[in-house]
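Listing of structure.txt; format and content: compact mmCIF, C-alpha atoms.
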# COMPACT_ATOMS: atom_id res chain seq x y z
CA MET A 2 17.91 -12.99 20.67
CA TYR A 3 18.30 -12.01 17.03
CA ASP A 4 17.29 -8.67 15.55
CA ILE A 5 16.23 -10.28 12.26
CA ILE A 6 15.48 -13.82 11.17
CA VAL A 7 15.19 -14.31 7.41
CA VAL A 8 13.30 -17.46 6.37
CA GLY A 9 14.45 -18.88 3.03
CA GLY A 10 17.84 -19.40 1.41
CA GLY A 11 16.87 -18.72 -2.18
CA ILE A 12 18.23 -15.74 -4.07
CA VAL A 13 15.65 -13.27 -2.66
CA GLY A 14 16.20 -14.30 0.96
CA LEU A 15 19.97 -14.15 0.58
CA ALA A 16 19.89 -10.77 -1.19
CA THR A 17 17.56 -9.36 1.47
CA ALA A 18 19.76 -10.59 4.33
CA LEU A 19 22.86 -9.24 2.58
CA ARG A 20 21.31 -5.81 2.01
CA ILE A 21 20.20 -5.57 5.65
CA LYS A 22 23.69 -6.39 6.93
CA GLU A 23 25.38 -4.06 4.43
CA GLN A 24 23.25 -1.14 5.60
CA LYS A 25 23.39 -1.89 9.31
CA PRO A 26 26.21 -4.34 10.12
CA SER A 27 25.53 -4.18 13.87
CA LEU A 28 22.21 -6.03 13.53
CA LYS A 29 22.29 -9.65 14.63
CA LEU A 30 20.84 -11.59 11.70
CA LEU A 31 20.09 -15.28 11.16
CA LEU A 32 18.97 -16.89 7.90
CA LEU A 33 17.15 -20.23 8.17
CA GLU A 34 16.97 -22.60 5.21
CA LYS A 35 15.18 -25.95 5.26
CA GLU A 36 17.50 -27.58 2.69
CA ASN A 37 21.19 -28.41 3.11
CA GLY A 38 22.37 -25.55 0.86
CA VAL A 39 21.31 -22.37 -0.90
CA ALA A 40 19.22 -22.01 -4.07
CA LYS A 41 17.77 -25.53 -4.02
CA HIS A 42 14.36 -24.70 -5.50
CA GLN A 43 13.15 -21.82 -7.73
CA THR A 44 16.57 -20.16 -7.91
CA GLY A 45 18.43 -23.34 -8.76
CA HIS A 46 15.94 -24.50 -11.39
CA ASN A 47 15.43 -21.37 -13.49
CA SER A 48 16.74 -20.71 -17.00
CA GLY A 49 19.46 -18.26 -15.96
CA VAL A 50 18.21 -15.23 -17.91
CA ILE A 51 19.12 -11.68 -16.91
CA HIS A 52 15.87 -9.86 -17.65
CA SER A 53 15.77 -6.31 -18.96
CA GLY A 54 12.35 -5.16 -17.68
CA LEU A 55 10.68 -5.31 -21.10
CA TYR A 56 7.44 -7.04 -20.12
CA TYR A 57 6.39 -5.31 -16.92
CA LYS A 58 3.80 -2.61 -16.38
CA PRO A 59 5.56 0.76 -16.05
CA GLY A 60 5.68 1.89 -12.43
CA SER A 61 4.93 -1.58 -11.05
CA LEU A 62 7.16 -3.20 -8.43
CA LYS A 63 8.25 -5.70 -11.08
CA ALA A 64 9.31 -2.95 -13.49
CA THR A 65 11.05 -0.68 -10.98
CA ASN A 66 12.81 -3.50 -9.14
CA CYS A 67 13.84 -5.30 -12.34
CA ILE A 68 15.40 -2.19 -13.88
CA ARG A 69 17.15 -1.15 -10.65
CA GLY A 70 18.03 -4.75 -9.81
CA TYR A 71 19.53 -5.31 -13.26
CA GLU A 72 22.17 -2.64 -12.66
CA MET A 73 22.79 -3.80 -9.10
CA LEU A 74 23.22 -7.40 -10.25
CA LEU A 75 25.73 -6.47 -12.96
CA ASP A 76 27.70 -4.28 -10.54
CA PHE A 77 27.80 -7.14 -8.02
CA CYS A 78 28.92 -9.65 -10.64
CA LYS A 79 31.71 -7.39 -11.91
CA ARG A 80 32.93 -6.83 -8.36
CA GLU A 81 32.73 -10.50 -7.37
CA GLU A 82 33.91 -11.84 -10.75
CA VAL A 83 30.74 -13.85 -11.37
CA PRO A 84 30.61 -14.72 -15.10
CA TYR A 85 27.71 -13.44 -17.19
CA ASP A 86 27.08 -12.63 -20.84
CA LEU A 87 24.91 -9.78 -22.12
CA CYS A 88 24.24 -11.59 -25.38
CA GLY A 89 20.90 -9.92 -26.15
CA LYS A 90 17.65 -11.52 -27.29
CA ILE A 91 15.05 -11.17 -29.99
CA VAL A 92 11.28 -11.24 -29.43
CA VAL A 93 9.68 -12.48 -32.62
CA ALA A 94 6.23 -12.07 -34.18
CA THR A 95 5.58 -15.12 -36.36
CA LYS A 96 2.00 -14.14 -37.34
CA SER A 97 0.60 -10.85 -38.60
CA GLU A 98 -1.88 -10.62 -35.71
CA GLN A 99 1.06 -10.59 -33.27
CA ILE A 100 2.61 -7.45 -34.76
CA PRO A 101 0.39 -4.95 -32.85
CA LEU A 102 1.20 -6.84 -29.62
CA LEU A 103 4.90 -6.69 -30.51
CA LYS A 104 4.71 -2.93 -31.02
CA ASN A 105 2.87 -2.50 -27.71
CA LEU A 106 5.67 -4.48 -26.07
CA TYR A 107 8.28 -2.23 -27.68
CA ASP A 108 6.44 0.87 -26.40
CA ARG A 109 6.32 -0.61 -22.91
CA GLY A 110 10.06 -1.16 -23.06
CA LEU A 111 10.58 2.50 -23.96
CA GLN A 112 8.39 3.54 -21.03
CA ASN A 113 10.61 1.42 -18.80
CA GLY A 114 13.72 3.23 -20.06
CA LEU A 115 14.98 0.57 -22.49
CA THR A 116 16.03 3.10 -25.11
CA GLN A 117 18.53 0.79 -26.83
CA ASN A 118 15.82 -1.68 -27.87
CA ARG A 119 14.85 -1.46 -31.51
CA MET A 120 12.29 -2.89 -33.86
CA ILE A 121 13.89 -5.13 -36.48
CA THR A 122 12.73 -6.42 -39.86
CA LYS A 123 12.49 -9.99 -41.10
CA GLU A 124 15.88 -9.57 -42.77
CA GLU A 125 17.48 -8.23 -39.57
CA ILE A 126 16.01 -11.14 -37.61
CA ARG A 127 17.78 -13.50 -40.02
CA GLU A 128 21.04 -11.62 -39.58
CA LYS A 129 20.92 -12.18 -35.81
CA GLU A 130 19.30 -15.62 -35.81
CA PRO A 131 19.58 -17.19 -39.28
CA HIS A 132 17.23 -20.09 -38.55
CA VAL A 133 14.35 -18.11 -37.01
CA ASN A 134 10.99 -17.67 -38.71
CA GLY A 135 9.70 -14.17 -38.03
CA LEU A 136 7.85 -11.26 -39.64
CA GLU A 137 9.09 -8.55 -37.28
CA GLY A 138 10.95 -8.51 -34.00
CA ILE A 139 12.41 -6.53 -31.14
CA TRP A 140 16.14 -6.63 -30.51
CA VAL A 141 16.78 -6.39 -26.74
CA PRO A 142 20.53 -5.87 -26.17
CA TYR A 143 20.17 -5.65 -22.38
CA THR A 144 19.21 -9.31 -21.89
CA GLY A 145 21.88 -11.75 -20.76
CA ILE A 146 22.60 -15.15 -19.24
CA ILE A 147 24.06 -16.15 -15.89
CA ASP A 148 24.08 -18.95 -13.30
CA TYR A 149 21.92 -17.74 -10.41
CA LYS A 150 23.10 -20.54 -8.15
CA THR A 151 26.62 -19.11 -8.40
CA VAL A 152 25.21 -15.64 -7.65
CA SER A 153 23.38 -17.03 -4.60
CA GLU A 154 26.52 -18.68 -3.30
CA LYS A 155 28.34 -15.34 -3.60
CA TYR A 156 25.53 -13.58 -1.72
CA ALA A 157 25.85 -16.17 1.06
CA GLU A 158 29.64 -15.78 1.15
CA ASN A 159 29.36 -11.99 1.44
CA LEU A 160 26.65 -12.26 4.08
CA GLN A 161 28.84 -14.48 6.24
CA LYS A 162 31.77 -12.08 5.85
CA LEU A 163 29.51 -9.49 7.49
CA ASP A 164 28.82 -11.92 10.37
CA GLY A 165 25.39 -12.85 9.08
CA GLU A 166 24.58 -16.36 10.31
CA ILE A 167 23.16 -19.09 8.04
CA ARG A 168 21.74 -22.36 9.35
CA PHE A 169 20.78 -25.13 6.96
CA SER A 170 18.37 -28.06 7.45
CA GLU A 171 16.18 -25.83 9.63
CA LYS A 172 12.59 -25.99 8.40
CA VAL A 173 10.35 -23.41 10.07
CA VAL A 174 7.21 -25.11 11.40
CA ASN A 175 5.80 -22.48 13.76
CA ILE A 176 6.13 -18.81 14.67
CA LYS A 177 4.81 -17.68 18.04
CA SER A 178 4.26 -13.96 18.36
CA GLN A 179 5.05 -12.48 21.76
CA GLN A 180 4.61 -8.91 22.95
CA SER A 181 8.05 -7.68 21.90
CA HIS A 182 9.46 -10.54 19.84
CA SER A 183 8.66 -13.77 17.98
CA GLU A 184 9.74 -17.34 18.61
CA VAL A 185 10.66 -19.12 15.37
CA ILE A 186 10.45 -22.89 15.86
CA THR A 187 12.01 -25.39 13.46
CA ALA A 188 11.36 -29.06 12.70
CA SER A 189 14.58 -29.99 14.49
CA GLY A 190 13.13 -28.66 17.74
CA ASN A 191 15.15 -25.45 17.90
CA ALA A 192 13.55 -22.16 18.88
CA TYR A 193 15.03 -18.82 17.90
CA SER A 194 13.91 -15.46 19.30
CA THR A 195 13.82 -12.43 17.03
CA ARG A 196 12.53 -8.88 16.96
CA LEU A 197 11.38 -9.24 13.34
CA VAL A 198 10.77 -12.10 10.90
CA VAL A 199 11.45 -11.58 7.17
CA ASN A 200 9.70 -14.28 5.14
CA CYS A 201 11.31 -15.10 1.78
CA ALA A 202 10.17 -18.72 1.67
CA GLY A 203 9.24 -18.81 -2.03
CA LEU A 204 7.00 -21.80 -2.72
CA TYR A 205 5.98 -21.82 0.94
CA SER A 206 5.85 -18.06 1.52
CA ASP A 207 2.07 -18.13 2.08
CA LYS A 208 2.45 -20.92 4.64
CA VAL A 209 5.09 -19.02 6.60
CA ALA A 210 3.03 -15.82 6.33
CA GLN A 211 0.04 -17.65 7.82
CA LEU A 212 2.20 -18.53 10.82
CA THR A 213 2.82 -14.83 11.45
CA GLN A 214 -0.76 -13.56 11.09
CA PRO A 215 -3.29 -15.83 9.32
CA GLU A 216 -6.03 -13.25 8.72
CA GLU A 217 -3.65 -10.96 6.81
CA VAL A 218 -2.83 -13.56 4.13
CA LYS A 219 -5.46 -13.52 1.41
CA VAL A 220 -3.37 -15.24 -1.26
CA ARG A 221 -2.25 -18.81 -1.84
CA ILE A 222 0.80 -20.03 -3.72
CA ILE A 223 -0.19 -22.14 -6.73
CA PRO A 224 2.77 -24.10 -8.15
CA PHE A 225 3.27 -24.18 -11.91
CA ARG A 226 5.89 -26.54 -13.32
CA GLY A 227 7.91 -25.44 -16.32
CA GLU A 228 9.47 -28.31 -18.27
CA TYR A 229 12.46 -27.93 -20.57
CA TYR A 230 14.11 -29.85 -23.36
CA LYS A 231 17.76 -29.52 -24.27
CA ILE A 232 18.89 -29.20 -27.86
CA ARG A 233 21.29 -31.90 -29.03
CA PRO A 234 24.87 -30.54 -29.37
CA GLU A 235 24.95 -31.08 -33.14
CA LYS A 236 21.96 -28.70 -33.48
CA HIS A 237 23.27 -25.91 -31.22
CA HIS A 238 24.00 -23.88 -34.36
CA LEU A 239 20.24 -23.31 -34.75
CA VAL A 240 20.28 -20.92 -31.77
CA LYS A 241 22.84 -18.15 -31.37
CA ASN A 242 21.53 -16.54 -28.18
CA LEU A 243 17.96 -16.04 -26.86
CA ILE A 244 14.79 -16.28 -28.95
CA TYR A 245 11.35 -15.48 -27.49
CA PRO A 246 7.81 -15.42 -28.91
CA VAL A 247 5.39 -12.55 -28.45
CA PRO A 248 3.71 -13.41 -25.12
CA ASP A 249 0.02 -14.23 -25.07
CA PRO A 250 -1.65 -11.30 -23.22
CA ASN A 251 -4.34 -13.69 -21.98
CA PHE A 252 -1.87 -15.98 -20.19
CA PRO A 253 0.60 -14.90 -17.48
CA PHE A 254 3.60 -16.82 -18.87
CA LEU A 255 6.05 -16.02 -21.66
CA GLY A 256 5.60 -19.11 -23.84
CA VAL A 257 8.21 -21.60 -25.02
CA HIS A 258 11.52 -20.02 -26.05
CA PHE A 259 15.15 -20.84 -26.75
CA THR A 260 17.90 -19.95 -24.28
CA ARG A 261 21.64 -20.36 -24.58
CA MET A 262 23.07 -21.34 -21.18
CA ILE A 263 26.07 -19.70 -19.52
CA GLU A 264 27.68 -23.10 -18.88
CA GLY A 265 27.10 -24.18 -22.48
CA GLY A 266 24.21 -25.82 -24.29
CA VAL A 267 20.77 -24.61 -25.32
CA GLU A 268 17.43 -25.07 -23.54
CA ALA A 269 14.00 -25.02 -25.15
CA GLY A 270 10.87 -24.34 -23.13
CA PRO A 271 9.24 -24.09 -20.72
CA ASN A 272 5.60 -24.99 -20.85
CA ALA A 273 3.51 -24.11 -17.76
CA VAL A 274 1.43 -26.81 -16.07
CA PHE A 275 -0.21 -26.93 -12.67
CA ALA A 276 2.04 -29.00 -10.41
CA PHE A 277 0.48 -31.50 -7.98
CA LYS A 278 3.17 -30.69 -5.41
CA ARG A 279 4.82 -27.40 -4.51
CA GLU A 280 8.23 -28.86 -5.14
CA GLY A 281 7.00 -31.20 -7.87
CA TYR A 282 9.72 -31.26 -10.50
CA LYS A 283 8.50 -34.49 -12.13
CA LYS A 284 5.16 -35.38 -13.69
CA THR A 285 4.81 -38.17 -11.13
CA ASP A 286 5.41 -35.91 -8.10
CA ILE A 287 2.26 -35.52 -6.05
CA ASN A 288 1.49 -34.33 -2.53
CA PHE A 289 -2.18 -34.98 -1.83
CA PRO A 290 -2.63 -32.47 1.02
CA GLU A 291 -1.02 -29.72 -1.08
CA LEU A 292 -3.04 -30.72 -4.15
CA PHE A 293 -6.36 -30.74 -2.30
CA GLU A 294 -5.51 -27.44 -0.62
CA ALA A 295 -4.90 -25.81 -4.02
CA LEU A 296 -8.10 -27.28 -5.48
CA ALA A 297 -10.06 -26.04 -2.47
CA TRP A 298 -8.89 -22.45 -2.90
CA PRO A 299 -11.75 -20.54 -4.62
CA GLY A 300 -9.29 -18.35 -6.50
CA PHE A 301 -7.59 -21.33 -8.11
CA ARG A 302 -10.90 -22.82 -9.25
CA LYS A 303 -11.69 -19.49 -10.95
CA VAL A 304 -8.25 -19.49 -12.62
CA ALA A 305 -8.82 -23.05 -13.83
CA MET A 306 -12.18 -22.06 -15.35
CA LYS A 307 -10.68 -18.98 -17.03
CA TYR A 308 -7.61 -20.66 -18.51
CA TRP A 309 -8.80 -24.23 -18.99
CA GLN A 310 -8.28 -24.25 -22.76
CA THR A 311 -4.77 -22.82 -22.54
CA GLY A 312 -4.04 -25.11 -19.61
CA MET A 313 -5.10 -28.19 -21.55
CA GLY A 314 -2.78 -27.16 -24.37
CA GLU A 315 0.09 -26.86 -21.89
CA TYR A 316 -0.66 -30.34 -20.47
CA TYR A 317 -0.86 -31.76 -23.98
CA ARG A 318 2.63 -30.39 -24.71
CA SER A 319 3.80 -31.82 -21.40
CA PHE A 320 2.90 -35.36 -22.45
CA SER A 321 3.42 -35.00 -26.22
CA LYS A 322 6.93 -34.36 -27.49
CA ALA A 323 5.46 -33.85 -30.96
CA ALA A 324 3.22 -31.06 -29.67
CA PHE A 325 6.13 -29.46 -27.81
CA THR A 326 8.21 -29.64 -30.99
CA LYS A 327 5.41 -28.05 -33.01
CA ALA A 328 5.32 -25.09 -30.59
CA LEU A 329 9.09 -24.64 -30.96
CA GLN A 330 8.81 -24.86 -34.77
CA GLU A 331 6.77 -21.64 -34.70
CA LEU A 332 10.10 -19.94 -34.00
CA ILE A 333 12.61 -22.32 -35.62
CA PRO A 334 10.97 -24.53 -38.28
CA GLU A 335 14.12 -26.69 -38.63
CA VAL A 336 13.85 -28.06 -35.09
CA GLN A 337 12.79 -31.71 -35.14
CA SER A 338 11.56 -33.98 -32.37
CA GLU A 339 14.78 -36.03 -32.47
CA ASP A 340 16.78 -32.83 -31.79
CA LEU A 341 15.26 -32.57 -28.30
CA ILE A 342 16.56 -34.32 -25.18
CA PRO A 343 14.52 -34.18 -21.93
CA GLY A 344 15.96 -31.45 -19.73
CA GLY A 345 15.17 -30.23 -16.25
CA ALA A 346 12.14 -28.55 -14.77
CA GLY A 347 11.42 -25.69 -12.43
CA VAL A 348 8.42 -24.77 -10.33
CA ARG A 349 7.14 -21.20 -10.24
CA ALA A 350 5.50 -19.98 -7.03
CA GLN A 351 2.54 -18.03 -8.39
CA ALA A 352 0.37 -16.20 -5.88
CA CYS A 353 -3.37 -16.40 -6.51
CA ASP A 354 -5.91 -14.24 -4.68
CA TYR A 355 -9.35 -15.29 -3.44
CA ASP A 356 -11.11 -13.82 -6.49
CA GLY A 357 -9.07 -15.74 -9.04
CA GLY A 358 -6.43 -13.17 -9.85
CA LEU A 359 -2.93 -14.41 -10.58
CA LEU A 360 -0.85 -11.67 -9.00
CA ASP A 361 1.16 -10.01 -11.73
CA ASP A 362 3.29 -7.89 -9.41
CA PHE A 363 5.58 -8.57 -6.49
CA SER A 364 3.63 -8.64 -3.22
CA ILE A 365 4.97 -7.71 0.22
CA ILE A 366 2.64 -8.09 3.21
CA GLU A 367 3.60 -6.55 6.55
CA ASN A 368 2.21 -7.19 10.00
CA LYS A 369 3.31 -6.52 13.56
CA GLY A 370 6.04 -9.15 13.77
CA ALA A 371 6.89 -9.89 10.14
CA ILE A 372 7.54 -8.71 6.60
CA ASN A 373 6.32 -11.35 4.13
CA VAL A 374 7.47 -11.47 0.51
CA CYS A 375 4.42 -13.35 -0.79
CA ASN A 376 4.83 -13.12 -4.55
CA ALA A 377 8.24 -12.93 -6.20
CA PRO A 378 8.21 -14.91 -9.45
CA SER A 379 10.32 -14.00 -12.50
CA PRO A 380 12.12 -11.57 -12.73
CA ALA A 381 12.88 -12.01 -9.02
CA ALA A 382 16.37 -13.41 -9.65
CA THR A 383 17.38 -10.42 -11.80
CA SER A 384 15.66 -8.12 -9.29
CA SER A 385 16.99 -9.85 -6.17
CA LEU A 386 19.27 -7.10 -4.85
CA SER A 387 16.63 -4.45 -5.55
CA ILE A 388 13.91 -6.50 -3.82
CA GLY A 389 16.40 -6.99 -0.99
CA GLN A 390 16.93 -3.23 -0.86
CA THR A 391 13.17 -2.58 -0.81
CA VAL A 392 12.62 -5.06 2.02
CA SER A 393 15.68 -3.93 3.97
CA GLU A 394 14.42 -0.32 3.93
CA ARG A 395 11.18 -1.53 5.48
CA VAL A 396 13.14 -3.56 8.03
CA LEU A 397 15.37 -0.65 9.04
CA ALA A 398 12.35 1.61 9.42
CA ARG A 399 11.08 -0.79 12.11
CA ILE A 400 14.23 -1.87 13.95

What's the structure tokens form of this structure?
Amino acid sequence: MYDIIVVGGGIVGLATALRIKEQKPSLKLLLLEKENGVAKHQTGHNSGVIHSGLYYKPGSLKATNCIRGYEMLLDFCKREEVPYDLCGKIVVATKSEQIPLLKNLYDRGLQNGLTQNRMITKEEIREKEPHVNGLEGIWVPYTGIIDYKTVSEKYAENLQKLDGEIRFSEKVVNIKSQQSHSEVITASGNAYSTRLVVNCAGLYSDKVAQLTQPEEVKVRIIPFRGEYYKIRPEKHHLVKNLIYPVPDPNFPFLGVHFTRMIEGGVEAGPNAVFAFKREGYKKTDINFPELFEALAWPGFRKVAMKYWQTGMGEYYRSFSKAAFTKALQELIPEVQSEDLIPGGAGVRAQACDYDGGLLDDFSIIENKGAINVCNAPSPAATSSLSIGQTVSERVLARI
């Protein structure tokens, strides 16, 4: 019998398990991961940005956990000698109509405690990023770059030092609630008893939550694939650090941007297209049951109706390198199609409610036998230790 079983070996599951064991080492904890290692999906496919908390509604779980998690992440990395670089980023308005949105974003940053941010002029933009086209910008010195897979591996290493158990290749297929405990059953035929389940299953968090108490789960995970290009080495000089556009307030994604990577190189992207498979990293990846399930969800159909024009533009960029290049040229006019090499892709687990709302904040759903983290998209990696702290406090209040 375990005290806690954590489902999911991404960065949030590992951080949550680690925080629980750090606060109460005597608890018997098991982490189950369906893959053969940690950080195989969202964590291992993201762009490696340390987010500052600029974009998030003041007082929201995203804002509070990102700002607290930022400091916790940096402290952890210093202690564990995980390399990172606080290189800073600029958010750039390329059109006059974006300037009010840029100033609203700056004010939001101030409300979130980012007092070192500053508005910069066209000339100052050119000083920081000589090849960028911009009218005004925000300089965000807090932002950095890191390899979250390395961070995840360090979380796992520290968890095991505290006698936390990790079992790979254990896909959870059923959870049977008993009077005083739950039976967690895996595809390999193993059954594990636990007093409490903590669900951090990412792209399948809604599925696992439905196993714990179906009527409580009124959201579905809709997968959105983000596709990247890499900049050819001879054009790396076009990008010094991180360059972002002013986000479209009508669309819940940040838009294509340029990111210098901690291991070297520069990425450009991503777009955001509906994926036909929850772990669909290629255009050709399709899982018909998962696709039909998403299309059948009333909330997703409402989202599709609301954002169809934007969505078509994202799909067009997905299949047209010229269109993708044009979007990047808004920020750096010198970028040409031949400068771009196909890069990787990630899939974002975006929770969607029945009424067509794309959940903007982190979502944690509790029931008798489980605590379900049902929406933890970006900045979950930056916020991981803080989310882990939040969940662990709820765990310890019940154990």

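Take CA of Ser153 in chain A and CA of Lys284 in chain A: the distance between them is 27.4 Å.
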
Across A:Val7, A:Met262, A:Glu154, A:Ile223, the smallest distance to Val304 in chain A, with all atoms listed in the file counted, is shown by A:Ile223

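By only C-alpha atoms, and with residues fewer than 6 positions from range 316-323 of chain A along its chain excluded, the set lying at most 8 Å from it is Glu228, Asn272, Ala273, Val274 and Ser338 of chain A.
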
Nearby residues, (-2.8, -24.8, -15.4) file frame, 8 Å, all atoms listed in the file, as a list in words: Phe225, Ala273, Val274, Phe275, Ala305, Tyr308, Trp309, Thr311, Gly312, Met313, Glu315 and Tyr316 of chain A

Leaving out Ile68 in chain A and any residue of its chain fewer than 5 positions from it, which residues lie within 12 Å of it when counting only C-alpha atoms, given as number ranges by chain? A: 51-63, 73-75, 110, 112-115, 143-144, 380-381, 383-388

Which of these residues is nearest to Ala157 in chain A, using all atoms listed in the file: A:Pro234, A:Gly9, A:Gly49, A:Gly266? A:Gly9

Could you give me, as a PyMOL selection string, the residues that sit within 9 Å of (3.8, -13.7, 0.4) in the file's coordinates, counting all atoms listed in the file? chain A and resi 200-203+205-210+218+220-222+352+363-366+372-377

Determine the axis-aligned bounding box of all atoms of range 335-338 of chain A present in the file, pad each side by 4 Å, and express its centre and edge lengths in Å to one decimal place as AutoDock Vina command-line options.
--center_x 12.8 --center_y -30.3 --center_z -35.5 --size_x 10.6 --size_y 15.3 --size_z 14.3

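The space separating CA of Lys327 in chain A from CA of Glu339 in chain A comes to 12.3 Å.
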
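Nearest to Asn105 in chain A of all the residues A:Val247, A:Ala18, A:Val348, A:Cys353 is A:Val247, counting all atoms listed in the file.
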
Could you tell me which of A:Leu15, A:Val240, A:Leu212, A:Leu102 comes closest to Lys90 in chain A if we count only C-alpha atoms? A:Val240

Would you mind putting back all heavy atoms on range 112-119 of chain A, then writing it out as a PDB file, keeping the file's coordinate frame?
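The file below, out19.pdb, is the result:
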ATOM      1  N   GLN A 112       8.885   2.941 -22.262  1.00  0.00           N
ATOM      2  CA  GLN A 112       8.390   3.540 -21.030  1.00  0.00           C
ATOM      3  C   GLN A 112       9.205   3.108 -19.816  1.00  0.00           C
ATOM      4  O   GLN A 112       9.319   3.849 -18.836  1.00  0.00           O
ATOM      5  CB  GLN A 112       6.916   3.166 -20.817  1.00  0.00           C
ATOM      6  CG  GLN A 112       5.962   3.806 -21.811  1.00  0.00           C
ATOM      7  CD  GLN A 112       4.544   3.279 -21.635  1.00  0.00           C
ATOM      8  OE1 GLN A 112       3.930   3.468 -20.584  1.00  0.00           O
ATOM      9  NE2 GLN A 112       4.019   2.614 -22.652  1.00  0.00           N
ATOM     10  N   ASN A 113       9.784   1.917 -19.903  1.00  0.00           N
ATOM     11  CA  ASN A 113      10.610   1.420 -18.800  1.00  0.00           C
ATOM     12  C   ASN A 113      12.083   1.810 -18.955  1.00  0.00           C
ATOM     13  O   ASN A 113      12.939   1.328 -18.210  1.00  0.00           O
ATOM     14  CB  ASN A 113      10.487  -0.109 -18.700  1.00  0.00           C
ATOM     15  CG  ASN A 113       9.173  -0.523 -18.062  1.00  0.00           C
ATOM     16  OD1 ASN A 113       8.594   0.218 -17.271  1.00  0.00           O
ATOM     17  ND2 ASN A 113       8.693  -1.714 -18.392  1.00  0.00           N
ATOM     18  N   GLY A 114      12.370   2.691 -19.928  1.00  0.00           N
ATOM     19  CA  GLY A 114      13.720   3.230 -20.060  1.00  0.00           C
ATOM     20  C   GLY A 114      14.655   2.407 -20.920  1.00  0.00           C
ATOM     21  O   GLY A 114      15.868   2.664 -20.955  1.00  0.00           O
ATOM     22  N   LEU A 115      14.122   1.435 -21.673  1.00  0.00           N
ATOM     23  CA  LEU A 115      14.980   0.570 -22.490  1.00  0.00           C
ATOM     24  C   LEU A 115      15.155   1.207 -23.874  1.00  0.00           C
ATOM     25  O   LEU A 115      14.632   0.738 -24.889  1.00  0.00           O
ATOM     26  CB  LEU A 115      14.360  -0.827 -22.598  1.00  0.00           C
ATOM     27  CG  LEU A 115      14.053  -1.510 -21.254  1.00  0.00           C
ATOM     28  CD1 LEU A 115      13.480  -2.901 -21.478  1.00  0.00           C
ATOM     29  CD2 LEU A 115      15.299  -1.595 -20.381  1.00  0.00           C
ATOM     30  N   THR A 116      15.919   2.284 -23.904  1.00  0.00           N
ATOM     31  CA  THR A 116      16.030   3.100 -25.110  1.00  0.00           C
ATOM     32  C   THR A 116      16.905   2.464 -26.190  1.00  0.00           C
ATOM     33  O   THR A 116      16.874   2.900 -27.344  1.00  0.00           O
ATOM     34  CB  THR A 116      16.609   4.491 -24.764  1.00  0.00           C
ATOM     35  OG1 THR A 116      17.866   4.305 -24.075  1.00  0.00           O
ATOM     36  CG2 THR A 116      15.648   5.256 -23.855  1.00  0.00           C
ATOM     37  N   GLN A 117      17.686   1.449 -25.828  1.00  0.00           N
ATOM     38  CA  GLN A 117      18.530   0.790 -26.830  1.00  0.00           C
ATOM     39  C   GLN A 117      17.811  -0.346 -27.565  1.00  0.00           C
ATOM     40  O   GLN A 117      18.353  -0.897 -28.525  1.00  0.00           O
ATOM     41  CB  GLN A 117      19.805   0.256 -26.168  1.00  0.00           C
ATOM     42  CG  GLN A 117      20.730   1.353 -25.662  1.00  0.00           C
ATOM     43  CD  GLN A 117      21.963   0.791 -24.981  1.00  0.00           C
ATOM     44  OE1 GLN A 117      22.575  -0.148 -25.481  1.00  0.00           O
ATOM     45  NE2 GLN A 117      22.306   1.347 -23.830  1.00  0.00           N
ATOM     46  N   ASN A 118      16.613  -0.704 -27.114  1.00  0.00           N
ATOM     47  CA  ASN A 118      15.820  -1.680 -27.870  1.00  0.00           C
ATOM     48  C   ASN A 118      15.488  -1.093 -29.234  1.00  0.00           C
ATOM     49  O   ASN A 118      15.358   0.125 -29.380  1.00  0.00           O
ATOM     50  CB  ASN A 118      14.491  -1.971 -27.153  1.00  0.00           C
ATOM     51  CG  ASN A 118      14.667  -2.820 -25.914  1.00  0.00           C
ATOM     52  OD1 ASN A 118      15.773  -3.240 -25.585  1.00  0.00           O
ATOM     53  ND2 ASN A 118      13.574  -3.070 -25.217  1.00  0.00           N
ATOM     54  N   ARG A 119      15.318  -1.968 -30.212  1.00  0.00           N
ATOM     55  CA  ARG A 119      14.850  -1.460 -31.510  1.00  0.00           C
ATOM     56  C   ARG A 119      14.034  -2.506 -32.242  1.00  0.00           C
ATOM     57  O   ARG A 119      14.260  -3.710 -32.094  1.00  0.00           O
ATOM     58  CB  ARG A 119      16.002  -0.961 -32.362  1.00  0.00           C
ATOM     59  CG  ARG A 119      17.051  -1.955 -32.747  1.00  0.00           C
ATOM     60  CD  ARG A 119      18.204  -1.279 -33.477  1.00  0.00           C
ATOM     61  NE  ARG A 119      19.207  -2.237 -33.893  1.00  0.00           N
ATOM     62  CZ  ARG A 119      19.192  -2.902 -35.032  1.00  0.00           C
ATOM     63  NH1 ARG A 119      18.198  -2.721 -35.892  1.00  0.00           N
ATOM     64  NH2 ARG A 119      20.155  -3.766 -35.336  1.00  0.00           N
TER      65      ARG A 119
END
